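Written out below as structure tokens is the structure these notes cover.
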Amino acid sequence: MDEIQDLVNAFWVIDYEIPGGGGTLTGSPNNLNYDYTQTYEDSGTIVPGVPAYTITPAYTVPAVVSPAVPGWGTTNICGPWSSCTTEVPGTPAYTVTPAYVVPAVVSPAIPALTGGYSTELDISATVQGISDALNPLFSSVTFTSGEMTGPNSQGLATETVTYNLDQIISGNAIRITGRAAFDDLSVDVAGVTTNFGNVSTGTLSLDPIPNVPIYFDAIIEIPSYSSTPDRTANGVAYELFPLASSVSTDNVYISSGVTAVADFINDDLLSYLTDFWNYSVVPLYTAVGATAPEAPSQTLANIITDSAEEVQADINAAGEAALNSLLKSQLSTIQPYVQALTAATWDYSDYPIVPNGDYTGALLAEGMFSGVDASNSSFDGANLNAADFSNANLTGSTFTNANLTGANFAGATGAPQNSLSLEMDSVSKRKMPFKDSVIFGANFKRSSLNVSGAFYDDYTKFAKGFKPSENNLIKFNAARFVAGNSQLIKEFGSDIHGAAGAFAANLPPYGQAGEEGLRSDVITGKLLVDGFKPRKFLDSLSDDRQQKLLDFTSGMKSSQAKDTIAMYKIAKEQDWTTATSEMYLTSNSDLIKPLGGPSKAVDKARNQYLNKGFFQKRPLNEPGVYDYYVETYPDVLFQTGAVFDEASLAHHYVNVGYAAGQQLPYPVQ
């Protein structure tokens, strides 16, 4: 099901507008982008004006007038020598204080204060690694039920198989980064303009990410035949092998990171802008007695909080619809993978295989063909990894360009194994039925098959007395293959097992989808299966380093010495990533403390390996260590994403497990 997962990763497109003006979610599950850009502006009266009004009206104070005094009587005032009569005069009225007007008391008019702001709120957040965290989406499912209908009148029966995935995936594989900003923030209060320019959080990362729950049912319907059956047994007409008529999902709940994004945007991005607003913008308003508007960032935070759960539900519904649409549209691509599942569980006793089958390019990994008659069948280009052909009749069958890694052909019969007894024909499949196939680790003991032209390795088992060098076979060695093609050092580095796997499956190097597979490149001459020249590499080294390597490899078999020197070249020329250093330290856990602890040890690992570790037989990577790690500390799988990935396990051990006191066995010295 890994291939179906690849389809999901490649074609599941998310394009969703968050309700309430919260922006858009676009991209794929492995690269989800949140974007929000909106202009916010407001202006108007922030403190109302006060018109003029009369406190006390104008009034007149009247004049104060003294009243007139009339004259009265007479008096005789005469001298001794005269007599006369005089009147006493009165006093006329007169004004004491004149009248005056007291003016009205009027309050002066107070003009209104205006204010406003304008800015563009700009937010972007990226969620990466969701499908990595969920991966393998389908290959981790567990079988829950299988129901087979009875055959109809045409012998057609249909099996419905349901698988279920219900897990908690560690958020460690998810990476959320984002930025928020007030662009060109300008505030005008009472005629005074303050321009804050651009206020940005800068790019921030969210750590740690909450665990991701995932749940769904995968439902596969497989009719016993699609058009014309090959054979009928037990009343059921069937073809080899039946193809699925539909693949779908149900009850999908896949946390797409929406809730985590909402929390991140609110808690880390918008809160920064809101705090800036409250400390810098609000005081401009309160200084003049005005109430400041709410920060646009706070307004948006409220919207996001209110819509996060709704968005999550919509994303799940849209995800299920999109997945089912994808699975339906890609059914022809998916069918061979489902066919491979069918081949691995086929009931040959009740529904036997028929000769003359055409399985060209089929995915039949772990197919069970033991003891069956598969004569005159074409398995050209098929994936038969770990298939069992023991004691099968393969007379006339061809396996050109097939992946037969780990396949069991013990006791199989067919064309004579010794190709020199045949008339050689480089074109005819009959003469070279295994030409360009990969038989790494395959078992040909007690078989009589012509495997001329195949690629073999040190783990391939041949019949007694069989000599590959005399039978036109091609020896493959992963270390020398990578070291002899410098572009592969950049692609695979010390992951020579990955290079061998890509060669066997005829896949292109990492990240080069659409390119030719490695095996095709070897067949066409673009790559050399063994282009490594140890002597030439040694000559390029300093005398001291050259002598160290010669001393170290002395006494080794020639092939072992070449492999050792090839690994040194890979380690020397590859760009050591953090993962490579961590894998080396995990395989040699006793070095972490002497090198200064996890953080310093990672930086020193490459130099330590090249100068000392290599010559002390300290491995660059030791797969057995990871098996031990998971068996001893099973919780690490959930903490690293529930996937057995050596780089993730190494990172977890060096950065978390070591400090927590977890211990690993020292490698074999």
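The chains in the structure tokens are called A, B, ... from first to last as shown; in each chain the residues are counted from 1, and the ligands are counted from 1 in the order shown.
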
List every residue of region 240-309 of chain A that DSSP, applied to the backbone, labels as strand (DSSP E or B), and write the result as a ChimeraX atom specification.
-> /A:246-254

Please list as an mmCIF file with C-alpha atoms, in the first residue's frame every residue within 6 Å of region 441-453 of chain A, counting only C-alpha atoms and excluding residues in the same chain fewer than 2 positions away.
data_model
loop_
_atom_site.group_PDB
_atom_site.id
_atom_site.type_symbol
_atom_site.label_atom_id
_atom_site.label_comp_id
_atom_site.auth_asym_id
_atom_site.auth_seq_id
_atom_site.Cartn_x
_atom_site.Cartn_y
_atom_site.Cartn_z
ATOM 1 C CA THR A 405 15.338 -9.884 -4.396
ATOM 2 C CA GLY A 406 15.041 -12.521 -1.698
ATOM 3 C CA ALA A 407 12.971 -14.823 -3.896
ATOM 4 C CA ASN A 408 13.097 -18.559 -3.238
ATOM 5 C CA PHE A 409 13.706 -20.737 -6.319
ATOM 6 C CA ALA A 410 15.035 -23.741 -4.390
ATOM 7 C CA GLY A 411 14.197 -26.908 -6.267
ATOM 8 C CA ALA A 412 12.480 -25.022 -9.101
ATOM 9 C CA THR A 413 12.696 -26.659 -12.507
ATOM 10 C CA GLY A 414 12.907 -25.136 -15.942
ATOM 11 C CA ALA A 415 15.585 -24.320 -18.492
ATOM 12 C CA PRO A 416 19.001 -25.791 -17.574
ATOM 13 C CA GLN A 417 20.908 -23.531 -15.206
ATOM 14 C CA ASN A 418 24.225 -23.748 -17.001
ATOM 15 C CA SER A 419 23.756 -21.227 -19.783
ATOM 16 C CA MET A 432 18.367 -15.789 -21.176
ATOM 17 C CA PHE A 434 16.648 -13.933 -16.264
ATOM 18 C CA LYS A 435 18.505 -11.249 -18.267
ATOM 19 C CA ASP A 436 18.764 -7.882 -16.413
ATOM 20 C CA ILE A 439 18.527 -11.831 -7.800
ATOM 21 C CA TYR A 459 24.038 -13.083 -0.566
ATOM 22 C CA THR A 460 22.696 -14.880 -3.638
ATOM 23 C CA LYS A 461 22.655 -18.660 -3.132
ATOM 24 C CA PHE A 462 23.401 -20.884 -6.126
ATOM 25 C CA ALA A 463 23.233 -24.598 -6.745
ATOM 26 C CA ASN A 471 27.814 -18.051 -16.459
ATOM 27 C CA ASN A 472 27.578 -14.455 -17.593
ATOM 28 C CA LEU A 473 26.202 -13.036 -14.334
#

Near-Leu595 (chain A) list (8 Å; only C-alpha atoms; drop same-chain fewer than 5 positions) as a list in words =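 The residues satisfying every condition are Lys600, Ala601 and Lys604 of chain A.
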
Nearest to Asp563 (chain A) among A:Glu147, A:Asp543, A:Asp530, A:Asp350, with distances taken over only C-alpha atoms: which residue is it?
->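 Going through A:Glu147, A:Asp543, A:Asp530, A:Asp350 one by one, the smallest distance to Asp563 (chain A) is for A:Asp530.
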
Using only C-alpha atoms, which residues sit within 12 Å of Asn356 (chain A) once same-chain residues fewer than 4 positions away are excluded, as a PyMOL selection string?
-> chain A and resi 230+240+360+373-379+393-398

Output for the residues just chosen: C-alpha atoms as a tab-separated table (two decimals), in the first residue's frame:
chain	number	residue	atom	x	y	z
A	230	ASP	CA	-9.21	-17.68	-16.66
A	240	LEU	CA	-5.27	-14.41	-12.03
A	360	THR	CA	4.37	-8.63	-17.12
A	373	ASP	CA	2.75	-25.11	-12.42
A	374	ALA	CA	3.66	-21.63	-13.64
A	375	SER	CA	5.20	-22.81	-16.90
A	376	ASN	CA	5.27	-20.67	-20.03
A	377	SER	CA	4.34	-17.57	-18.06
A	378	SER	CA	5.78	-14.09	-18.41
A	379	PHE	CA	6.99	-12.40	-15.22
A	393	ASN	CA	7.57	-25.76	-12.69
A	394	LEU	CA	8.96	-22.72	-14.54
A	395	THR	CA	9.65	-24.36	-17.87
A	396	GLY	CA	9.43	-21.73	-20.57
A	397	SER	CA	8.78	-18.89	-18.14
A	398	THR	CA	10.71	-15.62	-18.34

Test item: residues at most 8 Å from Glu646 (chain A), only C-alpha atoms, excluding those fewer than 2 positions along its chain, as a count of residues only | 7

Ser186 (chain A) surroundings by only C-alpha atoms, 6 Å radius, close-in-sequence under 6 positions cut, as number ranges by chain | A: 117-118, 194-196

Can you pull out every residue within 9 Å of region 606-618 of chain A, counting only C-alpha atoms, but drop anything in the same chain fewer than 3 positions away, and send it as a PyMOL selection string?
-> chain A and resi 545+548-549+552+568+571-572+576+580-581+584+587-588+595+602-603+621+667-669

Enumerate as a PyMOL selection string all residues of region 437-633 of chain A assigned to alpha helix (DSSP H) by DSSP on the backbone, naming them with the chain letters and numbers the document uses.
-> chain A and resi 478-483+486-492+496-505+518-523+534-539+543-553+558-573+578-587+598-608+623-632

For those residues, write C-alpha atoms to a file as a PDB file, in the first residue's frame.
ATOM      1  CA  ALA A 478      26.243  -1.430  -3.259  1.00  0.00           C
ATOM      2  CA  ALA A 479      29.247   0.357  -1.726  1.00  0.00           C
ATOM      3  CA  ARG A 480      31.274   0.259  -4.919  1.00  0.00           C
ATOM      4  CA  PHE A 481      28.202   1.134  -7.002  1.00  0.00           C
ATOM      5  CA  VAL A 482      27.658   4.343  -5.015  1.00  0.00           C
ATOM      6  CA  ALA A 483      31.362   5.204  -4.721  1.00  0.00           C
ATOM      7  CA  SER A 486      29.758  10.485  -7.767  1.00  0.00           C
ATOM      8  CA  GLN A 487      26.178  11.677  -8.341  1.00  0.00           C
ATOM      9  CA  LEU A 488      24.991   8.739  -6.240  1.00  0.00           C
ATOM     10  CA  ILE A 489      27.176   9.856  -3.325  1.00  0.00           C
ATOM     11  CA  LYS A 490      25.211  13.106  -3.302  1.00  0.00           C
ATOM     12  CA  GLU A 491      21.900  11.275  -3.536  1.00  0.00           C
ATOM     13  CA  PHE A 492      22.429   8.351  -1.188  1.00  0.00           C
ATOM     14  CA  ILE A 496      24.078   2.081   0.400  1.00  0.00           C
ATOM     15  CA  HIS A 497      21.166  -0.177   1.360  1.00  0.00           C
ATOM     16  CA  GLY A 498      18.819   2.450  -0.049  1.00  0.00           C
ATOM     17  CA  ALA A 499      20.859   2.533  -3.248  1.00  0.00           C
ATOM     18  CA  ALA A 500      20.710  -1.252  -3.518  1.00  0.00           C
ATOM     19  CA  GLY A 501      16.943  -1.188  -2.956  1.00  0.00           C
ATOM     20  CA  ALA A 502      16.453   1.513  -5.597  1.00  0.00           C
ATOM     21  CA  PHE A 503      18.582  -0.507  -8.024  1.00  0.00           C
ATOM     22  CA  ALA A 504      16.591  -3.679  -7.362  1.00  0.00           C
ATOM     23  CA  ALA A 505      13.253  -1.903  -7.791  1.00  0.00           C
ATOM     24  CA  LEU A 518      19.059   3.127 -11.527  1.00  0.00           C
ATOM     25  CA  ARG A 519      19.032  -0.303 -13.139  1.00  0.00           C
ATOM     26  CA  SER A 520      17.909   1.176 -16.464  1.00  0.00           C
ATOM     27  CA  ASP A 521      20.741   3.695 -16.216  1.00  0.00           C
ATOM     28  CA  VAL A 522      23.214   0.844 -15.696  1.00  0.00           C
ATOM     29  CA  ILE A 523      21.790  -1.143 -18.608  1.00  0.00           C
ATOM     30  CA  PRO A 534      40.258   1.945  -5.274  1.00  0.00           C
ATOM     31  CA  ARG A 535      43.834   2.508  -6.424  1.00  0.00           C
ATOM     32  CA  LYS A 536      42.934   5.794  -8.080  1.00  0.00           C
ATOM     33  CA  PHE A 537      41.085   6.936  -4.961  1.00  0.00           C
ATOM     34  CA  LEU A 538      43.995   5.990  -2.707  1.00  0.00           C
ATOM     35  CA  ASP A 539      46.387   7.972  -4.886  1.00  0.00           C
ATOM     36  CA  ASP A 543      50.476   9.701   2.108  1.00  0.00           C
ATOM     37  CA  ASP A 544      49.551   9.355   5.766  1.00  0.00           C
ATOM     38  CA  ARG A 545      45.854   8.656   5.090  1.00  0.00           C
ATOM     39  CA  GLN A 546      46.704   6.335   2.213  1.00  0.00           C
ATOM     40  CA  GLN A 547      49.016   4.299   4.423  1.00  0.00           C
ATOM     41  CA  LYS A 548      46.414   4.108   7.177  1.00  0.00           C
ATOM     42  CA  LEU A 549      43.877   2.680   4.762  1.00  0.00           C
ATOM     43  CA  LEU A 550      46.367   0.188   3.323  1.00  0.00           C
ATOM     44  CA  ASP A 551      47.353  -0.939   6.805  1.00  0.00           C
ATOM     45  CA  PHE A 552      43.740  -1.221   7.870  1.00  0.00           C
ATOM     46  CA  THR A 553      42.692  -3.315   4.860  1.00  0.00           C
ATOM     47  CA  SER A 558      40.267  -8.241  -2.162  1.00  0.00           C
ATOM     48  CA  SER A 559      36.511  -7.662  -2.445  1.00  0.00           C
ATOM     49  CA  GLN A 560      36.231  -6.759   1.241  1.00  0.00           C
ATOM     50  CA  ALA A 561      39.132  -4.334   0.988  1.00  0.00           C
ATOM     51  CA  LYS A 562      37.563  -2.634  -2.025  1.00  0.00           C
ATOM     52  CA  ASP A 563      34.252  -2.304  -0.193  1.00  0.00           C
ATOM     53  CA  THR A 564      35.992  -0.832   2.841  1.00  0.00           C
ATOM     54  CA  ILE A 565      37.870   1.767   0.802  1.00  0.00           C
ATOM     55  CA  ALA A 566      34.670   2.559  -1.118  1.00  0.00           C
ATOM     56  CA  MET A 567      32.824   3.271   2.138  1.00  0.00           C
ATOM     57  CA  TYR A 568      35.653   5.569   3.196  1.00  0.00           C
ATOM     58  CA  LYS A 569      35.338   7.490  -0.063  1.00  0.00           C
ATOM     59  CA  ILE A 570      31.570   7.820   0.422  1.00  0.00           C
ATOM     60  CA  ALA A 571      31.979   9.073   3.989  1.00  0.00           C
ATOM     61  CA  LYS A 572      34.697  11.501   2.927  1.00  0.00           C
ATOM     62  CA  GLU A 573      32.941  12.994  -0.092  1.00  0.00           C
ATOM     63  CA  THR A 578      22.775  15.998  10.904  1.00  0.00           C
ATOM     64  CA  ALA A 579      20.995  12.691  10.303  1.00  0.00           C
ATOM     65  CA  THR A 580      24.202  11.027   9.109  1.00  0.00           C
ATOM     66  CA  SER A 581      26.081  12.193  12.203  1.00  0.00           C
ATOM     67  CA  GLU A 582      23.283  11.048  14.469  1.00  0.00           C
ATOM     68  CA  MET A 583      23.178   7.626  12.837  1.00  0.00           C
ATOM     69  CA  TYR A 584      26.909   7.242  13.376  1.00  0.00           C
ATOM     70  CA  LEU A 585      26.581   8.260  17.019  1.00  0.00           C
ATOM     71  CA  THR A 586      23.631   5.919  17.528  1.00  0.00           C
ATOM     72  CA  SER A 587      25.713   3.034  16.227  1.00  0.00           C
ATOM     73  CA  PRO A 598      24.658  15.338  22.004  1.00  0.00           C
ATOM     74  CA  SER A 599      24.932  18.843  20.558  1.00  0.00           C
ATOM     75  CA  LYS A 600      28.723  18.917  20.298  1.00  0.00           C
ATOM     76  CA  ALA A 601      28.989  15.257  19.328  1.00  0.00           C
ATOM     77  CA  VAL A 602      26.846  15.801  16.231  1.00  0.00           C
ATOM     78  CA  ASP A 603      29.239  18.507  15.018  1.00  0.00           C
ATOM     79  CA  LYS A 604      32.296  16.349  15.678  1.00  0.00           C
ATOM     80  CA  ALA A 605      30.949  13.038  14.363  1.00  0.00           C
ATOM     81  CA  ARG A 606      32.222  13.305  10.779  1.00  0.00           C
ATOM     82  CA  ASN A 607      35.737  14.256  11.792  1.00  0.00           C
ATOM     83  CA  GLN A 608      35.791  11.543  14.448  1.00  0.00           C
ATOM     84  CA  PRO A 623      20.736  -1.538  11.474  1.00  0.00           C
ATOM     85  CA  GLY A 624      20.721  -4.050  14.319  1.00  0.00           C
ATOM     86  CA  VAL A 625      21.056  -1.184  16.778  1.00  0.00           C
ATOM     87  CA  TYR A 626      17.686   0.201  15.672  1.00  0.00           C
ATOM     88  CA  ASP A 627      15.981  -3.176  15.990  1.00  0.00           C
ATOM     89  CA  TYR A 628      17.311  -3.364  19.546  1.00  0.00           C
ATOM     90  CA  TYR A 629      16.245   0.218  20.254  1.00  0.00           C
ATOM     91  CA  VAL A 630      12.636  -0.329  19.197  1.00  0.00           C
ATOM     92  CA  GLU A 631      12.405  -3.690  20.954  1.00  0.00           C
ATOM     93  CA  THR A 632      13.827  -2.246  24.173  1.00  0.00           C
TER      94      THR A 632
END

Between A:Leu541, A:Leu384, A:Val61, A:Ala233, which one has atoms that come closest to Thr400 (chain A), using only C-alpha atoms?
->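 Comparing A:Leu541, A:Leu384, A:Val61, A:Ala233 against Thr400 (chain A), the winner is A:Leu384.
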
Closest to Gln335 (chain A) among A:Asp635, A:Glu221, A:Asp388, A:Asp645, using only C-alpha atoms?
->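 When distances to Gln335 (chain A) are compared using only C-alpha atoms, the smallest one comes from A:Glu221.
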
Choose the residue, out of A:Val64, A:Val654, A:Leu528, A:Val199, that has the smallest atom-to-atom separation from Thr119 (chain A); count only C-alpha atoms.
-> A:Val199
